[in-house]
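What follows is a set of notes on a single structure, which appears directly below.
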Amino acid sequence: MRRLVALAAACILAGSAAATEMPRRGGRLILALNADIRSLEPGNNRDSNGDSVLHQIFEGLVAYRADLSVGPSLASSWNVSDDGKVYRFTLRDGVKFHNGAPLTAKEVKWSWEHLRSNPAWDCRNAWDGTQGTNVLSLETPDQATVVFTLAAPSATFLTMLANIQCNVLVAHPDSVDAKGGWTPIGTGPLTLKEWKRGQYVRLARFADYKVGDAPPSGYSGARQVYVDEVEFQVIPDESAAFAAIETGAVDVIFQPAPDRIDELKQRGLKIEMGPGLVWDVLLINSKDPLLSNAKLRLAIAHAIDIRQLAAAGSNGEAVPDPASVPPSSVYFDQGFVEWPAYDPTLAAKLAKEAGYAGQPISIETNKRFTPIYNNSVLAQAMLSAAGFNARLEVRDWATQLTNYMQRDFQIQSFAFSPRTDPALSYATFIGDMAKYGWAQWDDPRAVRLLTESLTTTDTVARKRLFQEIQAMLRQEIPIIGLYYETVSQAVGPHVHGWAVWPVGKPITWGAWKDG
């Protein structure tokens, strides 16, 4: 009784803290994107911004929790056979698609086959045995059961199902019209209202959304949306985004420049921060006639001070990390941060021994992503100081991404989207360079070690494999890992319940506005 009286007294105090503790329904949550999305079809022409939108509209069988473990999503539960080759998933009851149709195993199978049939799907090699997991079949013994059969046990099968970049999501077949066009029909808490290209993507709360029974965590569990709409507004210019959030025209901006964070705080904005998994790197095209010389690549590594780059790129928050093993990983130890020491004099000496005679070396970059651009500017200055004729080539993001996919560059300042397992991170650049344009390194031993790490389930054995890969990488230098970006998001004062997590993707469920 005393507790009820206290609650009643608190509720009559207008503007009190108690008045804002319970989530309020309604309103529009506006999130700033630094570039338009490329597609609303899972697995087709993807990029990081597109992933952020797709995971509001669609769901997969499983999803990452906030601690990066794998939890339930459309599957309420699953079990694994004793030999580790058969995964049996049970679907949640009562789930509907945005067109009102009930979710059944049939749509899961259709979505899987639709992905597998798309030659542009980036993750095809993760499921066909090329890089570990080999899915032999997907069967649907009844409407509520989905069964995957693998050729061999896999350490990353569930992780890959949850992988945000792979977008193994479930769509209704009616998403494809008679002419082959695509209109996204998912089961997620938000449904597409309008995509005005170059301006915004507007989503509406799905009234018939079936909230999961598991606790909300990351992209797993109960995804209860309180706002009526979520709008992803395209604002390429960071200063314009800052102005928009100050006036309340935008509610959240992602990854503000580290040197602007104190300024944003002083202007009354909340800054949510945490350890991240976006890996900033310098890609070196070892098939380039000049950079195919391993000694020259080593010289470049000695010319780059990754400690200074990490400090400058994160306002002192991040530590240098040249490995696909972030500090937050269970596999991490200080051995993974070993790297050729910063030594401009040695760099110049090695370059001369490699026959370098001042040929121009271009560093591709873009101004859409501030860390990528800042890294390229510092790298160009460091290379110039060591005697290299390094030049910046500033591209628009779409062009740089196309050049990356075709390996049409010498050096690129780049960043890989979050991967939750080191094997998945190494798999972003280890592969058959004759077959995959995105591949940066195809040393047969490195490929073999990566494949073994994808199938080995023992933690100690996996760490040893990652150590061997990294030791080889330090010698061959197909890529220079710099640091993992700290997740930072500026949030307007009227937004509550906003959460950040290492993946850095927006979690719109649980957030609400008081005005």
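To be explicit about the labels: the chains of the structure tokens are called A, B, and onward in the order shown, and within each one the residues are counted from 1, while ligands get numbers from 1 in the order they are shown.
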| said: Which residues are near Thr247 in chain A? Cut-off 12 Å, only C-alpha atoms, ignore same chain within fewer than 3 positions. Put them as number ranges by chain. | reply: A: 240-244, 250-252, 267-269, 492-494
Kindly export the residues of the current selection with C-alpha atoms, as a compact mmCIF listing (two decimals), in the first residue's frame.
# COMPACT_ATOMS: atom_id res chain seq x y z
CA ALA A 240 24.89 19.56 -41.13
CA ALA A 241 24.16 16.48 -39.01
CA PHE A 242 25.46 18.28 -35.92
CA ALA A 243 23.23 21.27 -36.67
CA ALA A 244 20.25 18.97 -37.18
CA VAL A 250 17.54 14.58 -35.91
CA ASP A 251 17.59 12.38 -32.79
CA VAL A 252 20.71 10.24 -33.23
CA ARG A 267 25.76 21.51 -26.30
CA GLY A 268 23.60 19.29 -24.09
CA LEU A 269 23.68 16.09 -26.12
CA GLY A 492 19.21 14.08 -28.44
CA PRO A 493 17.90 15.01 -24.97
CA HIS A 494 14.34 13.88 -25.74
Residues within 12 Å of Ala75 in chain A, please, as an MDAnalysis selection string. Count only C-alpha atoms; anything in the same chain fewer than 3 positions from it doesn't count. chainID A and resid 59:63 70:72 78:79 87:95 103:105 108 144:147 158 161:162 169:170 212:214 220:221
Give me the residues of range 243-351 of chain A that have any atom at most 9 Å from an atom of range 366-372 of chain A; for each, the nearest atom pair and the distance in Å, rounded to one decimal. Use only C-alpha atoms, sort by chain and number, and format it as a Markdown table.
| residue | atom | partner | partner_atom | distance |
| --- | --- | --- | --- | --- |
| A:Gln255 | CA | A:Thr370 | CA | 8.7 |
| A:Pro256 | CA | A:Thr370 | CA | 8.2 |
| A:Ala257 | CA | A:Thr370 | CA | 6.5 |
| A:Pro258 | CA | A:Pro371 | CA | 8.8 |
| A:Asp280 | CA | A:Ile372 | CA | 7.1 |
| A:Val281 | CA | A:Ile372 | CA | 8.4 |
| A:Gly313 | CA | A:Pro371 | CA | 5.9 |
| A:Ser314 | CA | A:Pro371 | CA | 8.3 |
Saved selection, atoms kept: C-alpha atoms, as a CSV table (one decimal), in the first residue's frame:
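File produced: selection_3.csv:
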chain,number,residue,atom,x,y,z
A,255,GLN,CA,30.2,7.9,-35.0
A,256,PRO,CA,30.7,11.6,-34.7
A,257,ALA,CA,34.3,12.7,-35.2
A,258,PRO,CA,36.2,12.0,-32.0
A,280,ASP,CA,40.1,0.4,-39.7
A,281,VAL,CA,42.7,-0.8,-42.1
A,313,GLY,CA,41.4,8.4,-34.9
A,314,SER,CA,39.7,7.7,-31.6
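Counting only C-alpha atoms, the residue from A:Gly431, A:Ser239, A:Ala446, A:Ile304 that sits nearest to Gln380 in chain A is A:Ile304.
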**Message:** Can you pull out every residue from range 231-462 of chain A that DSSP, working from the backbone, puts in helix (DSSP H, G or I), and format the result as an NGL selection string?
**Reply:** :A and (238-247 or 258-266 or 294-303 or 306-314 or 334-337 or 344-353 or 370-385 or 397-406 or 422-426 or 444-455 or 459-462)
Could you list, with a cut-off of 10 Å and counting only C-alpha atoms, the residues of range 154-184 of chain A near range 110-117 of chain A, each shown with its nearest atom pair and the distance in Å rounded to one decimal, rows sorted by chain and ascending number, as a tab-separated table?
residue	atom	partner	partner_atom	distance
A:Cys166	CA	A:Leu115	CA	9.6
A:Asn167	CA	A:Leu115	CA	8.9
A:Val168	CA	A:Trp112	CA	7.2
A:Leu169	CA	A:Ser111	CA	7.1
A:Val170	CA	A:Ser111	CA	5.5
A:Ala171	CA	A:Ser111	CA	5.8
A:His172	CA	A:Ser111	CA	7.5
A:Pro173	CA	A:Trp110	CA	7.0
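On the backbone of this structure, DSSP gives strand (DSSP E) within range 360-463 of chain A to Pro360, Ile361, Ser362, Ile363, Glu364, Thr365, Asn389, Ala390, Arg391, Leu392, Glu393, Val394, Ile411, Gln412, Ser413, Phe414, Ala415 and Phe416 of chain A.
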Those same residues, written as a short mmCIF file (atom, residue, chain, number, x, y, z; two decimals), in the first residue's frame with C-alpha atoms?
data_model
loop_
_atom_site.label_atom_id
_atom_site.label_comp_id
_atom_site.auth_asym_id
_atom_site.auth_seq_id
_atom_site.Cartn_x
_atom_site.Cartn_y
_atom_site.Cartn_z
CA PRO A 360 53.63 7.38 -57.34
CA ILE A 361 51.59 5.34 -54.87
CA SER A 362 47.92 6.28 -54.61
CA ILE A 363 45.87 5.97 -51.42
CA GLU A 364 42.15 5.78 -52.17
CA THR A 365 39.87 7.33 -49.58
CA ASN A 389 55.65 9.53 -53.45
CA ALA A 390 52.26 8.94 -51.83
CA ARG A 391 49.18 10.69 -53.19
CA LEU A 392 45.59 10.83 -51.94
CA GLU A 393 42.81 9.88 -54.35
CA VAL A 394 39.52 11.05 -52.83
CA ILE A 411 46.27 1.26 -51.31
CA GLN A 412 42.87 1.90 -49.81
CA SER A 413 42.00 3.44 -46.48
CA PHE A 414 39.09 1.21 -45.50
CA ALA A 415 37.04 -0.09 -42.59
CA PHE A 416 35.46 -3.50 -42.15
#
Min atom-atom distance to Met160 in chain A from the set A:Arg419, A:Tyr342, A:Ser48, A:Ile253, counting only C-alpha atoms, belongs to A:Arg419
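In this structure, CA of Asn403 in chain A sits 11.8 Å away from CA of Leu283 in chain A.
The closest residue to Thr159 in chain A, picked from A:Leu68, A:Leu203, A:Ile271, A:Ala311 and counting only C-alpha atoms, is A:Leu68.
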* Residues at most 7 Å from range 435-438 of chain A, counting only C-alpha atoms, excluding those fewer than 4 positions away in the same chain, as a PyMOL selection string? -> chain A and resi 404-407+429+431
Write the residues you've just listed into a file as a compact mmCIF listing (two decimals), in the first residue's frame, and include N, CA and C atoms for each of them.
# COMPACT_ATOMS: atom_id res chain seq x y z
N TYR A 404 37.02 -1.35 -54.46
CA TYR A 404 37.39 -2.38 -53.47
C TYR A 404 36.94 -3.76 -53.95
N MET A 405 35.69 -3.85 -54.40
CA MET A 405 35.15 -5.14 -54.81
C MET A 405 35.87 -5.68 -56.05
N GLN A 406 36.46 -4.80 -56.84
CA GLN A 406 37.17 -5.21 -58.05
C GLN A 406 38.69 -5.20 -57.88
N ARG A 407 39.16 -4.88 -56.67
CA ARG A 407 40.58 -4.74 -56.36
C ARG A 407 41.27 -3.80 -57.36
N PHE A 429 39.32 -10.84 -45.95
CA PHE A 429 40.40 -10.51 -46.91
C PHE A 429 41.24 -11.71 -47.32
N GLY A 431 41.31 -15.14 -49.27
CA GLY A 431 40.51 -15.91 -50.22
C GLY A 431 41.18 -15.97 -51.58
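Note that the spacing between CA of Arg197 in chain A and CA of Asp36 in chain A amounts to 7.0 Å.
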**OP:** Considering only C-alpha atoms, return as a PyMOL selection string whatever protein or nucleic-acid residues lie within 7 Å of range 291-299 of chain A, sequence-local ones (same chain, fewer than 4 positions apart) excluded.
**Re:** chain A and resi 285-287+303+347-348+350-351+354+476-477
Practice problem: With a distance cut-off of 10 Å and only C-alpha atoms, select the neighbouring residues of Leu424 in chain A, excluding the residue or stretch itself and same-chain residues fewer than 6 positions from it, and output the selection as a PyMOL selection string. | Solution: chain A and resi 126+131+156+159-160+163+324+418+430+450+453-454
Could you save those same residues with N, CA and C atoms as a tab-separated table (two decimals), in the first residue's frame?
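The resulting file, selection-v9.tsv, is shown below:
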chain	number	residue	atom	x	y	z
A	126	ALA	N	30.92	-18.59	-47.65
A	126	ALA	CA	30.90	-19.00	-46.25
A	126	ALA	C	30.02	-20.22	-46.01
A	131	GLN	N	35.05	-21.71	-47.44
A	131	GLN	CA	35.66	-21.18	-46.22
A	131	GLN	C	35.01	-21.83	-45.00
A	156	THR	N	31.48	-21.96	-36.61
A	156	THR	CA	30.89	-20.65	-36.87
A	156	THR	C	29.51	-20.70	-37.51
A	159	THR	N	27.08	-18.47	-35.64
A	159	THR	CA	27.59	-17.11	-35.76
A	159	THR	C	27.33	-16.55	-37.15
A	160	MET	N	27.51	-17.37	-38.17
A	160	MET	CA	27.27	-16.92	-39.53
A	160	MET	C	25.79	-16.71	-39.80
A	163	ASN	N	25.20	-13.42	-38.54
A	163	ASN	CA	26.08	-12.41	-39.10
A	163	ASN	C	25.29	-11.30	-39.79
A	324	SER	N	43.03	-9.32	-36.80
A	324	SER	CA	41.58	-9.53	-36.87
A	324	SER	C	41.06	-10.12	-35.56
A	418	PRO	N	31.55	-4.66	-38.37
A	418	PRO	CA	31.81	-5.54	-37.24
A	418	PRO	C	31.66	-7.02	-37.57
A	430	ILE	N	41.04	-12.88	-46.72
A	430	ILE	CA	41.75	-14.09	-47.15
A	430	ILE	C	40.85	-14.88	-48.08
A	450	LEU	N	42.85	-20.66	-42.24
A	450	LEU	CA	41.55	-20.04	-42.04
A	450	LEU	C	40.44	-21.08	-42.12
A	453	SER	N	40.31	-23.00	-39.01
A	453	SER	CA	39.76	-22.25	-37.87
A	453	SER	C	38.25	-22.17	-37.92
A	454	LEU	N	37.68	-22.28	-39.12
A	454	LEU	CA	36.23	-22.21	-39.27
A	454	LEU	C	35.55	-23.52	-38.88
Please list as an NGL selection string every residue within 10 Å of Arg445 in chain A, counting only C-alpha atoms and excluding residues in the same chain fewer than 4 positions away.
:A and (449-451 or 468-469 or 472)
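Taking CA of Ala434 in chain A and CA of Thr130 in chain A as endpoints, the distance between them is 13.7 Å.
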